[in-house]
Structure formats: structure tokens, C-alpha cells
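Below is start-v8.cif, holding mmCIF, C-alpha atoms.
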data_upload
#
loop_
_atom_site.label_atom_id
_atom_site.label_comp_id
_atom_site.auth_asym_id
_atom_site.auth_seq_id
_atom_site.Cartn_x
_atom_site.Cartn_y
_atom_site.Cartn_z
CA LYS A 1 -20.18 10.92 1.19
CA ALA A 2 -16.43 10.79 1.82
CA GLY A 3 -14.77 7.43 1.33
CA VAL A 4 -12.48 5.50 3.62
CA THR A 5 -9.33 7.47 4.37
CA GLN A 6 -6.02 6.13 5.53
CA THR A 7 -3.02 7.99 6.86
CA PRO A 8 -0.22 8.17 6.18
CA ARG A 9 -0.24 7.03 2.56
CA TYR A 10 3.45 6.17 2.52
CA LEU A 11 5.85 5.37 5.32
CA ILE A 12 9.47 4.31 5.58
CA LYS A 13 10.72 2.75 8.81
CA THR A 14 13.74 0.75 9.90
CA ARG A 15 13.83 -2.69 11.47
CA GLY A 16 12.99 -2.71 15.15
CA GLN A 17 10.89 0.45 15.04
CA GLN A 18 7.17 0.55 15.57
CA VAL A 19 4.50 2.13 13.42
CA THR A 20 0.90 3.25 13.83
CA LEU A 21 -1.46 3.46 10.88
CA SER A 22 -4.81 5.19 10.95
CA CYS A 23 -8.10 4.49 9.21
CA SER A 24 -11.19 6.68 9.17
CA PRO A 25 -14.24 4.77 7.98
CA ILE A 26 -17.13 6.08 5.94
CA SER A 27 -19.45 8.10 8.13
CA GLY A 28 -21.93 5.81 9.84
CA HIS A 29 -19.87 2.66 9.33
CA ARG A 30 -19.09 0.82 12.55
CA SER A 31 -17.04 -2.08 11.22
CA VAL A 32 -13.39 -1.64 10.26
CA SER A 33 -11.22 -4.46 8.93
CA TRP A 34 -7.49 -4.40 8.28
CA TYR A 35 -5.61 -6.35 5.59
CA GLN A 36 -1.98 -6.78 4.60
CA GLN A 37 -1.18 -7.14 0.91
CA THR A 38 2.19 -8.37 -0.34
CA PRO A 39 3.19 -9.68 -3.77
CA GLY A 40 4.05 -13.09 -2.37
CA GLN A 41 1.16 -13.67 0.02
CA GLY A 42 -1.61 -11.66 -1.59
CA LEU A 43 -4.22 -10.03 0.58
CA GLN A 44 -4.39 -11.37 4.14
CA PHE A 45 -6.90 -10.54 6.83
CA LEU A 46 -5.45 -9.00 9.98
CA PHE A 47 -8.42 -8.18 12.20
CA GLU A 48 -11.86 -6.64 12.32
CA TYR A 49 -13.30 -4.20 14.83
CA PHE A 50 -16.93 -3.44 15.44
CA SER A 51 -18.10 -0.92 18.00
CA GLU A 52 -14.65 -0.75 19.63
CA THR A 53 -14.41 -4.53 20.04
CA GLN A 54 -12.19 -6.87 18.07
CA ARG A 55 -14.62 -9.26 16.45
CA ASN A 56 -12.30 -11.41 14.37
CA LYS A 57 -8.57 -11.95 14.03
CA GLY A 58 -6.31 -13.41 11.35
CA ASN A 59 -3.15 -15.45 11.79
CA PHE A 60 -0.63 -12.71 12.51
CA PRO A 61 1.84 -12.50 15.40
CA GLY A 62 1.13 -10.41 18.47
CA ARG A 63 3.34 -7.62 17.09
CA PHE A 64 0.29 -6.63 15.08
CA SER A 65 -2.40 -5.00 17.16
CA GLY A 66 -5.26 -2.63 16.65
CA ARG A 67 -7.97 -0.68 18.31
CA GLN A 68 -11.10 1.22 17.46
CA PHE A 69 -12.30 4.43 19.00
CA SER A 70 -15.81 5.51 19.87
CA ASN A 71 -16.05 7.49 16.61
CA SER A 72 -15.24 4.23 14.71
CA ARG A 73 -11.81 5.45 13.62
CA SER A 74 -9.29 2.64 13.90
CA GLU A 75 -5.56 2.40 14.37
CA MET A 76 -3.25 -0.48 13.65
CA ASN A 77 0.11 -0.80 15.37
CA VAL A 78 3.05 -2.94 14.38
CA SER A 79 5.88 -3.20 16.88
CA THR A 80 9.46 -4.41 16.35
CA LEU A 81 9.20 -4.06 12.60
CA GLU A 82 10.73 -6.72 10.36
CA LEU A 83 11.72 -6.47 6.71
CA GLY A 84 8.85 -8.81 5.85
CA ASP A 85 6.33 -6.31 7.21
CA SER A 86 6.86 -4.20 4.10
CA ALA A 87 3.47 -4.24 2.46
CA LEU A 88 0.38 -2.33 1.49
CA TYR A 89 -1.95 -2.11 4.48
CA LEU A 90 -5.58 -1.73 3.53
CA CYS A 91 -8.49 -0.97 5.74
CA ALA A 92 -12.10 -1.47 4.83
CA SER A 93 -15.25 -0.20 6.48
CA SER A 94 -18.76 -1.55 6.47
CA SER A 95 -22.06 -0.52 7.92
CA SER A 96 -22.95 -4.08 8.74
CA THR A 97 -21.66 -7.59 8.76
CA ARG A 98 -22.47 -7.94 5.07
CA LEU A 99 -19.20 -8.15 3.16
CA GLU A 100 -20.62 -6.79 -0.08
CA THR A 101 -21.06 -3.49 1.69
CA GLN A 102 -17.36 -3.34 2.57
CA TYR A 103 -15.48 -0.37 1.08
CA PHE A 104 -11.70 -0.28 0.94
CA GLY A 105 -9.46 2.69 1.59
CA PRO A 106 -6.47 3.58 -0.62
CA GLY A 107 -4.01 1.89 1.70
CA THR A 108 -0.78 2.78 3.46
CA ARG A 109 2.41 1.63 1.74
CA LEU A 110 4.93 0.68 4.43
CA LEU A 111 8.57 0.07 3.58
CA VAL A 112 10.81 -1.38 6.26
CA LEU A 113 14.54 -0.98 5.67
CA GLU B 1 -6.08 -24.61 6.76
CA ASP B 2 -8.44 -22.53 4.63
CA LYS B 3 -7.10 -21.66 1.20
CA VAL B 4 -8.17 -19.94 -1.99
CA VAL B 5 -6.31 -20.55 -5.24
CA GLN B 6 -6.75 -18.37 -8.29
CA SER B 7 -5.66 -19.12 -11.83
CA PRO B 8 -4.12 -18.04 -14.02
CA LEU B 9 -1.73 -15.81 -12.07
CA SER B 10 -1.58 -13.42 -14.99
CA LEU B 11 -3.13 -13.03 -18.40
CA VAL B 12 -2.61 -10.77 -21.40
CA VAL B 13 -5.41 -10.46 -23.95
CA HIS B 14 -6.45 -8.11 -26.73
CA GLU B 15 -9.44 -5.81 -26.62
CA GLY B 16 -12.59 -7.65 -27.54
CA ASP B 17 -11.42 -11.01 -26.23
CA THR B 18 -13.39 -12.97 -23.63
CA VAL B 19 -11.57 -14.09 -20.49
CA THR B 20 -12.38 -16.59 -17.77
CA LEU B 21 -10.75 -16.29 -14.36
CA ASN B 22 -10.83 -19.21 -11.96
CA CYS B 23 -11.07 -19.45 -8.20
CA SER B 24 -11.01 -22.71 -6.25
CA TYR B 25 -11.29 -22.94 -2.50
CA GLU B 26 -11.14 -25.12 0.58
CA VAL B 27 -12.62 -23.36 3.57
CA THR B 28 -14.43 -24.33 6.72
CA ASN B 29 -18.02 -23.18 7.16
CA PHE B 30 -18.39 -21.60 3.74
CA ARG B 31 -20.73 -18.62 3.76
CA SER B 32 -19.99 -16.71 0.57
CA LEU B 33 -17.50 -16.08 -2.21
CA LEU B 34 -16.64 -12.56 -3.33
CA TRP B 35 -14.92 -11.10 -6.37
CA TYR B 36 -13.07 -7.76 -6.29
CA LYS B 37 -11.32 -5.64 -8.90
CA GLN B 38 -8.16 -3.85 -7.79
CA GLU B 39 -6.83 -1.21 -10.14
CA LYS B 40 -4.49 1.05 -8.22
CA LYS B 41 -4.88 0.60 -4.52
CA ALA B 42 -8.36 -0.02 -3.16
CA PRO B 43 -10.17 -3.20 -4.24
CA THR B 44 -13.71 -2.55 -5.38
CA PHE B 45 -16.50 -5.06 -4.89
CA LEU B 46 -17.83 -6.88 -7.94
CA PHE B 47 -19.96 -9.85 -6.89
CA MET B 48 -20.99 -11.89 -3.90
CA LEU B 49 -22.10 -15.47 -4.48
CA THR B 50 -23.73 -17.69 -1.92
CA SER B 51 -25.82 -20.15 -3.92
CA SER B 52 -24.57 -22.72 -6.35
CA GLY B 53 -25.48 -22.44 -10.01
CA ILE B 54 -26.94 -18.94 -9.92
CA GLU B 55 -25.15 -16.53 -12.24
CA LYS B 56 -24.53 -12.99 -11.10
CA LYS B 57 -24.21 -10.52 -13.96
CA SER B 58 -23.19 -6.90 -14.26
CA GLY B 59 -22.71 -5.58 -17.77
CA ARG B 60 -19.91 -7.53 -19.42
CA LEU B 61 -18.95 -9.28 -16.20
CA SER B 62 -20.58 -12.41 -14.86
CA SER B 63 -19.76 -14.97 -12.23
CA ILE B 64 -21.02 -18.33 -11.11
CA LEU B 65 -20.36 -20.57 -8.14
CA ASP B 66 -20.17 -24.35 -7.95
CA LYS B 67 -20.37 -25.34 -4.28
CA LYS B 68 -20.10 -29.05 -5.05
CA GLU B 69 -16.80 -28.70 -6.93
CA LEU B 70 -15.67 -25.76 -4.74
CA PHE B 71 -14.90 -23.24 -7.43
CA SER B 72 -16.10 -20.06 -9.07
CA ILE B 73 -15.40 -18.41 -12.39
CA LEU B 74 -15.46 -14.77 -13.38
CA ASN B 75 -16.14 -14.09 -17.05
CA ILE B 76 -15.43 -10.84 -18.82
CA THR B 77 -16.70 -10.52 -22.38
CA ALA B 78 -15.64 -7.97 -25.00
CA THR B 79 -12.70 -6.89 -22.83
CA GLN B 80 -11.60 -3.27 -22.79
CA THR B 81 -8.33 -1.66 -21.69
CA GLY B 82 -10.16 -0.40 -18.60
CA ASP B 83 -10.61 -3.99 -17.48
CA SER B 84 -6.85 -4.20 -16.84
CA ALA B 85 -6.53 -4.83 -13.11
CA ILE B 86 -5.91 -7.45 -10.47
CA TYR B 87 -8.99 -9.58 -9.87
CA LEU B 88 -9.26 -10.94 -6.36
CA CYS B 89 -11.37 -13.81 -5.15
CA ALA B 90 -12.18 -14.09 -1.44
CA VAL B 91 -14.08 -16.71 0.50
CA ASP B 92 -15.88 -15.99 3.74
CA GLY B 93 -15.75 -18.96 6.08
CA ASN B 94 -14.51 -18.81 9.63
CA LYS B 95 -12.39 -15.94 8.33
CA LEU B 96 -12.20 -14.00 5.09
CA VAL B 97 -9.49 -15.61 2.97
CA PHE B 98 -8.23 -14.03 -0.25
CA GLY B 99 -6.57 -15.64 -3.21
CA ALA B 100 -3.35 -14.19 -4.62
CA GLY B 101 -5.24 -12.62 -7.49
CA THR B 102 -5.13 -12.76 -11.29
CA ILE B 103 -3.36 -9.91 -13.06
CA LEU B 104 -5.25 -9.11 -16.24
CA ARG B 105 -3.78 -6.86 -18.90
CA VAL B 106 -5.89 -5.91 -21.89
CA LYS B 107 -3.94 -4.60 -24.86
CA SER B 108 -5.48 -2.22 -27.37
#

Before anything else, please render the file you have as C-alpha cells.
Amino acid sequence: KAGVTQTPRYLIKTRGQQVTLSCSPISGHRSVSWYQQTPGQGLQFLFEYFSETQRNKGNFPGRFSGRQFSNSRSEMNVSTLELGDSALYLCASSSSTRLETQYFGPGTRLLVL
Amino acid sequence: EDKVVQSPLSLVVHEGDTVTLNCSYEVTNFRSLLWYKQEKKAPTFLFMLTSSGIEKKSGRLSSILDKKELFSILNITATQTGDSAIYLCAVDGNKLVFGAGTILRVKS
């Protein structure tokens, strides 16, 4: 069974631009969660989607948005990029609401210049 | 505000040593506490604890939760170089909140 895949793996953008990251969950998984990981703040929860609906949301500004498609693939968009958005963005998929069944993807490393 | 604090922030030990990693928390509507190991990019699940005082064990790793004192420990015995990683603690309450992690380096 293929794992969680994220594209692109690395990305360089400049301040003010926008970016879209993609996450393909494990086949059959309907829940996708997004996290931001930085050295200073650690791993922070962004949002979770289940069956195309946002089920939970972390404390991030409205510049961070996401969506989930009918095939469970999810995209995350960040608009008006700031230097502080430089981070590793991880997505995780799960077949249920049980967190121990959550599998993480390899992440997208975003650098904002 | 919910928070999870891990200690120490980093640790260097020699192969064969035993280490104890700490995780304390203050969250609303506690449901579970999870431990992850992060080596390169993707964290991998280690344990999920929901009940106080019940040890979860997997090989050389074990973990226990104290819901009264609001903390958990992760023990690794007979450490190996392959145990070098960031160990993350997360608590599921109203939201999933992660600690900053403990960086463990095991020297041969």
C-alpha cells in the first residue's frame, strides 16, 4: 500500500506570493490533517478535513486555507506569504478518527525569501 | 490555552544507556496522549495513552501516563544509534497539540 505523498517536496517563494501544497492520502483514508513544523514553534496543527469538510481548525490566520476533493486528496494554500511561513508542512491521513492510525507524509519544505 | 511541554530539549547519550523523556501538559477535555518518533521527515506513531498508570510497551520502549499530575514519560532502555531522532509528544483535547520535541542523539 502506498504511503502518504506530498508534492512538491521543496519550494522556494518570495514574500507576498501564494503557494499551494498537495497531499494524497493512503488509499481508503478519508481524513487528512495538515501541520506546520518550525524549529521555534514545533509541530502545530493547521486543520483537518474529512469527506471534503473541514472538521477542525488550529489557530492560524485566514491566509492559510485548505480543501479536500472527493477522492480525499487535499490541498493547502497560503496567500501573501511571510518570511515566518518558512517551515516544513506535513500532512497526515487516517482511515478514522483514531489518531493512532494517523500516518504522516514526508512533508513539503517551504522557504520564503 | 492548551500547552504541551517536553523536557529535556535535547539529550546526548551513549549506546546502552537508558533515557527518560518527559512530557507535561495542560489541555482542555483531555482524550489521549501520543508519542511519535521523527527521524528525517515524517513522524511515526509510537504509543497512545488514555488511561492513567497503565504502561504501554514495545520492545525497548515504554511509556506511562499520570493523568492526576498531567504528565507522561517515555523510556528507552539499552539505547542504540538507531534511536537517534526527535521524540514528539502530542495531546488530543479540543485540538491536537504537540510539544516542541526532545532531540535524542545516541553515540556509538

Take the PyMOL selection byres ((chain A) within 6 of (chain B)), apply it to the structure above, and return the hits as a count of residues only. 5

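Those residues that approach region 9-18 of chain A to within 9 Å, counting only C-alpha atoms, are Asn77, Val78, Ser79, Thr80, Leu81, Glu82, Leu83, Pro106, Gly107, Thr108, Arg109, Leu110, Leu111, Val112 and Leu113 of chain A; same-chain residues fewer than 5 positions away are not listed.
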
Decode the PyMOL selection byres ((chain B and resi 102) around 7) for the given file into explicit residues and return them as a list of chain:residue names.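 The output of the PyMOL selection byres ((chain B and resi 102) around 7) on this file is B:Gln6, B:Ser7, B:Pro8, B:Leu9, B:Ser10, B:Ile86, B:Tyr87, B:Leu88, B:Gly101, B:Ile103, B:Leu104.
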
State, in Å with one decimal place, the distance from CA of Gln44 (chain A) to CA of Gly66 (chain A).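 Separation of CA of Gln44 (chain A) and CA of Gly66 (chain A): 15.3 Å.
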
I need the residue set behind the PyMOL selection byres ((chain A and resi 7) around 7) for this file; please write it as a PyMOL selection string. chain A and resi 5-6+8-9+21-23+108

Could the residues in this selection be written to a file with C-alpha atoms, as a short mmCIF file (atom, residue, chain, number, x, y, z; two decimals), keeping the file's coordinate frame?
data_model
loop_
_atom_site.label_atom_id
_atom_site.label_comp_id
_atom_site.auth_asym_id
_atom_site.auth_seq_id
_atom_site.Cartn_x
_atom_site.Cartn_y
_atom_site.Cartn_z
CA THR A 5 -9.33 7.47 4.37
CA GLN A 6 -6.02 6.13 5.53
CA PRO A 8 -0.22 8.17 6.18
CA ARG A 9 -0.24 7.03 2.56
CA LEU A 21 -1.46 3.46 10.88
CA SER A 22 -4.81 5.19 10.95
CA CYS A 23 -8.10 4.49 9.21
CA THR A 108 -0.78 2.78 3.46
#

One residue among A:Thr53, A:Gln37, A:Thr20, A:Ser70 is nearest to Leu88 (chain A) when using all atoms listed in the file, and that residue is A:Gln37

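CA of Phe71 (chain B) to CA of Arg105 (chain B) spans 22.9 Å [interatomic distance, one decimal].
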
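Closest approach to Thr77 (chain B) among B:Leu61, B:Leu21, B:Ile54, B:Leu11: B:Leu61, based on all atoms listed in the file.
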
Have region 31-42 of chain A completed to all heavy atoms, please, and pass it along as a PDB file, keeping the file's coordinate frame.
ATOM      1  N   SER A  31     -17.982  -0.961  11.351  1.00  0.00           N
ATOM      2  CA  SER A  31     -17.040  -2.080  11.220  1.00  0.00           C
ATOM      3  C   SER A  31     -15.823  -1.635  10.431  1.00  0.00           C
ATOM      4  O   SER A  31     -15.952  -1.019   9.368  1.00  0.00           O
ATOM      5  CB  SER A  31     -17.734  -3.247  10.509  1.00  0.00           C
ATOM      6  OG  SER A  31     -16.784  -4.218  10.143  1.00  0.00           O
ATOM      7  N   VAL A  32     -14.648  -1.922  10.959  1.00  0.00           N
ATOM      8  CA  VAL A  32     -13.390  -1.640  10.260  1.00  0.00           C
ATOM      9  C   VAL A  32     -12.548  -2.909  10.263  1.00  0.00           C
ATOM     10  O   VAL A  32     -12.327  -3.514  11.309  1.00  0.00           O
ATOM     11  CB  VAL A  32     -12.611  -0.499  10.932  1.00  0.00           C
ATOM     12  CG1 VAL A  32     -11.245  -0.331  10.264  1.00  0.00           C
ATOM     13  CG2 VAL A  32     -13.386   0.813  10.853  1.00  0.00           C
ATOM     14  N   SER A  33     -12.098  -3.290   9.068  1.00  0.00           N
ATOM     15  CA  SER A  33     -11.220  -4.460   8.930  1.00  0.00           C
ATOM     16  C   SER A  33      -9.888  -4.009   8.372  1.00  0.00           C
ATOM     17  O   SER A  33      -9.818  -3.064   7.586  1.00  0.00           O
ATOM     18  CB  SER A  33     -11.840  -5.497   7.986  1.00  0.00           C
ATOM     19  OG  SER A  33     -13.057  -5.975   8.487  1.00  0.00           O
ATOM     20  N   TRP A  34      -8.843  -4.702   8.751  1.00  0.00           N
ATOM     21  CA  TRP A  34      -7.490  -4.400   8.280  1.00  0.00           C
ATOM     22  C   TRP A  34      -6.950  -5.602   7.514  1.00  0.00           C
ATOM     23  O   TRP A  34      -7.163  -6.758   7.914  1.00  0.00           O
ATOM     24  CB  TRP A  34      -6.557  -4.099   9.448  1.00  0.00           C
ATOM     25  CG  TRP A  34      -6.789  -2.775  10.093  1.00  0.00           C
ATOM     26  CD1 TRP A  34      -7.613  -2.501  11.143  1.00  0.00           C
ATOM     27  CD2 TRP A  34      -6.158  -1.537   9.750  1.00  0.00           C
ATOM     28  NE1 TRP A  34      -7.544  -1.168  11.471  1.00  0.00           N
ATOM     29  CE2 TRP A  34      -6.655  -0.551  10.636  1.00  0.00           C
ATOM     30  CE3 TRP A  34      -5.208  -1.162   8.791  1.00  0.00           C
ATOM     31  CZ2 TRP A  34      -6.250   0.773  10.588  1.00  0.00           C
ATOM     32  CZ3 TRP A  34      -4.806   0.163   8.743  1.00  0.00           C
ATOM     33  CH2 TRP A  34      -5.325   1.125   9.635  1.00  0.00           C
ATOM     34  N   TYR A  35      -6.202  -5.317   6.429  1.00  0.00           N
ATOM     35  CA  TYR A  35      -5.610  -6.350   5.590  1.00  0.00           C
ATOM     36  C   TYR A  35      -4.168  -5.966   5.272  1.00  0.00           C
ATOM     37  O   TYR A  35      -3.833  -4.790   5.162  1.00  0.00           O
ATOM     38  CB  TYR A  35      -6.369  -6.500   4.271  1.00  0.00           C
ATOM     39  CG  TYR A  35      -7.810  -6.883   4.423  1.00  0.00           C
ATOM     40  CD1 TYR A  35      -8.796  -5.912   4.596  1.00  0.00           C
ATOM     41  CD2 TYR A  35      -8.198  -8.221   4.390  1.00  0.00           C
ATOM     42  CE1 TYR A  35     -10.128  -6.263   4.730  1.00  0.00           C
ATOM     43  CE2 TYR A  35      -9.541  -8.577   4.518  1.00  0.00           C
ATOM     44  CZ  TYR A  35     -10.491  -7.591   4.690  1.00  0.00           C
ATOM     45  OH  TYR A  35     -11.803  -7.938   4.825  1.00  0.00           O
ATOM     46  N   GLN A  36      -3.345  -6.982   5.077  1.00  0.00           N
ATOM     47  CA  GLN A  36      -1.980  -6.780   4.600  1.00  0.00           C
ATOM     48  C   GLN A  36      -1.893  -7.376   3.198  1.00  0.00           C
ATOM     49  O   GLN A  36      -2.333  -8.509   2.974  1.00  0.00           O
ATOM     50  CB  GLN A  36      -0.978  -7.490   5.515  1.00  0.00           C
ATOM     51  CG  GLN A  36       0.475  -7.305   5.107  1.00  0.00           C
ATOM     52  CD  GLN A  36       1.395  -8.311   5.777  1.00  0.00           C
ATOM     53  OE1 GLN A  36       1.303  -9.515   5.530  1.00  0.00           O
ATOM     54  NE2 GLN A  36       2.300  -7.827   6.615  1.00  0.00           N
ATOM     55  N   GLN A  37      -1.331  -6.615   2.278  1.00  0.00           N
ATOM     56  CA  GLN A  37      -1.180  -7.140   0.910  1.00  0.00           C
ATOM     57  C   GLN A  37       0.277  -7.093   0.503  1.00  0.00           C
ATOM     58  O   GLN A  37       0.912  -6.031   0.519  1.00  0.00           O
ATOM     59  CB  GLN A  37      -2.022  -6.328  -0.083  1.00  0.00           C
ATOM     60  CG  GLN A  37      -2.050  -6.954  -1.471  1.00  0.00           C
ATOM     61  CD  GLN A  37      -3.005  -6.241  -2.411  1.00  0.00           C
ATOM     62  OE1 GLN A  37      -3.229  -5.047  -2.291  1.00  0.00           O
ATOM     63  NE2 GLN A  37      -3.577  -6.993  -3.343  1.00  0.00           N
ATOM     64  N   THR A  38       0.817  -8.256   0.158  1.00  0.00           N
ATOM     65  CA  THR A  38       2.190  -8.370  -0.340  1.00  0.00           C
ATOM     66  C   THR A  38       2.175  -9.148  -1.631  1.00  0.00           C
ATOM     67  O   THR A  38       1.259  -9.949  -1.855  1.00  0.00           O
ATOM     68  CB  THR A  38       3.106  -9.099   0.677  1.00  0.00           C
ATOM     69  OG1 THR A  38       2.563 -10.409   0.913  1.00  0.00           O
ATOM     70  CG2 THR A  38       3.198  -8.342   1.984  1.00  0.00           C
ATOM     71  N   PRO A  39       3.181  -8.952  -2.493  1.00  0.00           N
ATOM     72  CA  PRO A  39       3.190  -9.680  -3.770  1.00  0.00           C
ATOM     73  C   PRO A  39       3.222 -11.195  -3.574  1.00  0.00           C
ATOM     74  O   PRO A  39       2.593 -11.925  -4.304  1.00  0.00           O
ATOM     75  CB  PRO A  39       4.469  -9.177  -4.439  1.00  0.00           C
ATOM     76  CG  PRO A  39       4.726  -7.851  -3.828  1.00  0.00           C
ATOM     77  CD  PRO A  39       4.250  -7.961  -2.408  1.00  0.00           C
ATOM     78  N   GLY A  40       3.909 -11.651  -2.550  1.00  0.00           N
ATOM     79  CA  GLY A  40       4.050 -13.090  -2.370  1.00  0.00           C
ATOM     80  C   GLY A  40       2.853 -13.753  -1.721  1.00  0.00           C
ATOM     81  O   GLY A  40       2.468 -14.864  -2.069  1.00  0.00           O
ATOM     82  N   GLN A  41       2.234 -13.077  -0.776  1.00  0.00           N
ATOM     83  CA  GLN A  41       1.160 -13.670   0.020  1.00  0.00           C
ATOM     84  C   GLN A  41      -0.226 -13.190  -0.379  1.00  0.00           C
ATOM     85  O   GLN A  41      -1.229 -13.694   0.111  1.00  0.00           O
ATOM     86  CB  GLN A  41       1.364 -13.348   1.517  1.00  0.00           C
ATOM     87  CG  GLN A  41       2.643 -13.910   2.095  1.00  0.00           C
ATOM     88  CD  GLN A  41       2.614 -15.403   2.180  1.00  0.00           C
ATOM     89  OE1 GLN A  41       1.576 -16.013   2.418  1.00  0.00           O
ATOM     90  NE2 GLN A  41       3.747 -16.029   1.947  1.00  0.00           N
ATOM     91  N   GLY A  42      -0.297 -12.183  -1.239  1.00  0.00           N
ATOM     92  CA  GLY A  42      -1.610 -11.660  -1.590  1.00  0.00           C
ATOM     93  C   GLY A  42      -2.198 -10.862  -0.444  1.00  0.00           C
ATOM     94  O   GLY A  42      -1.482 -10.315   0.399  1.00  0.00           O
TER      95      GLY A  42
END
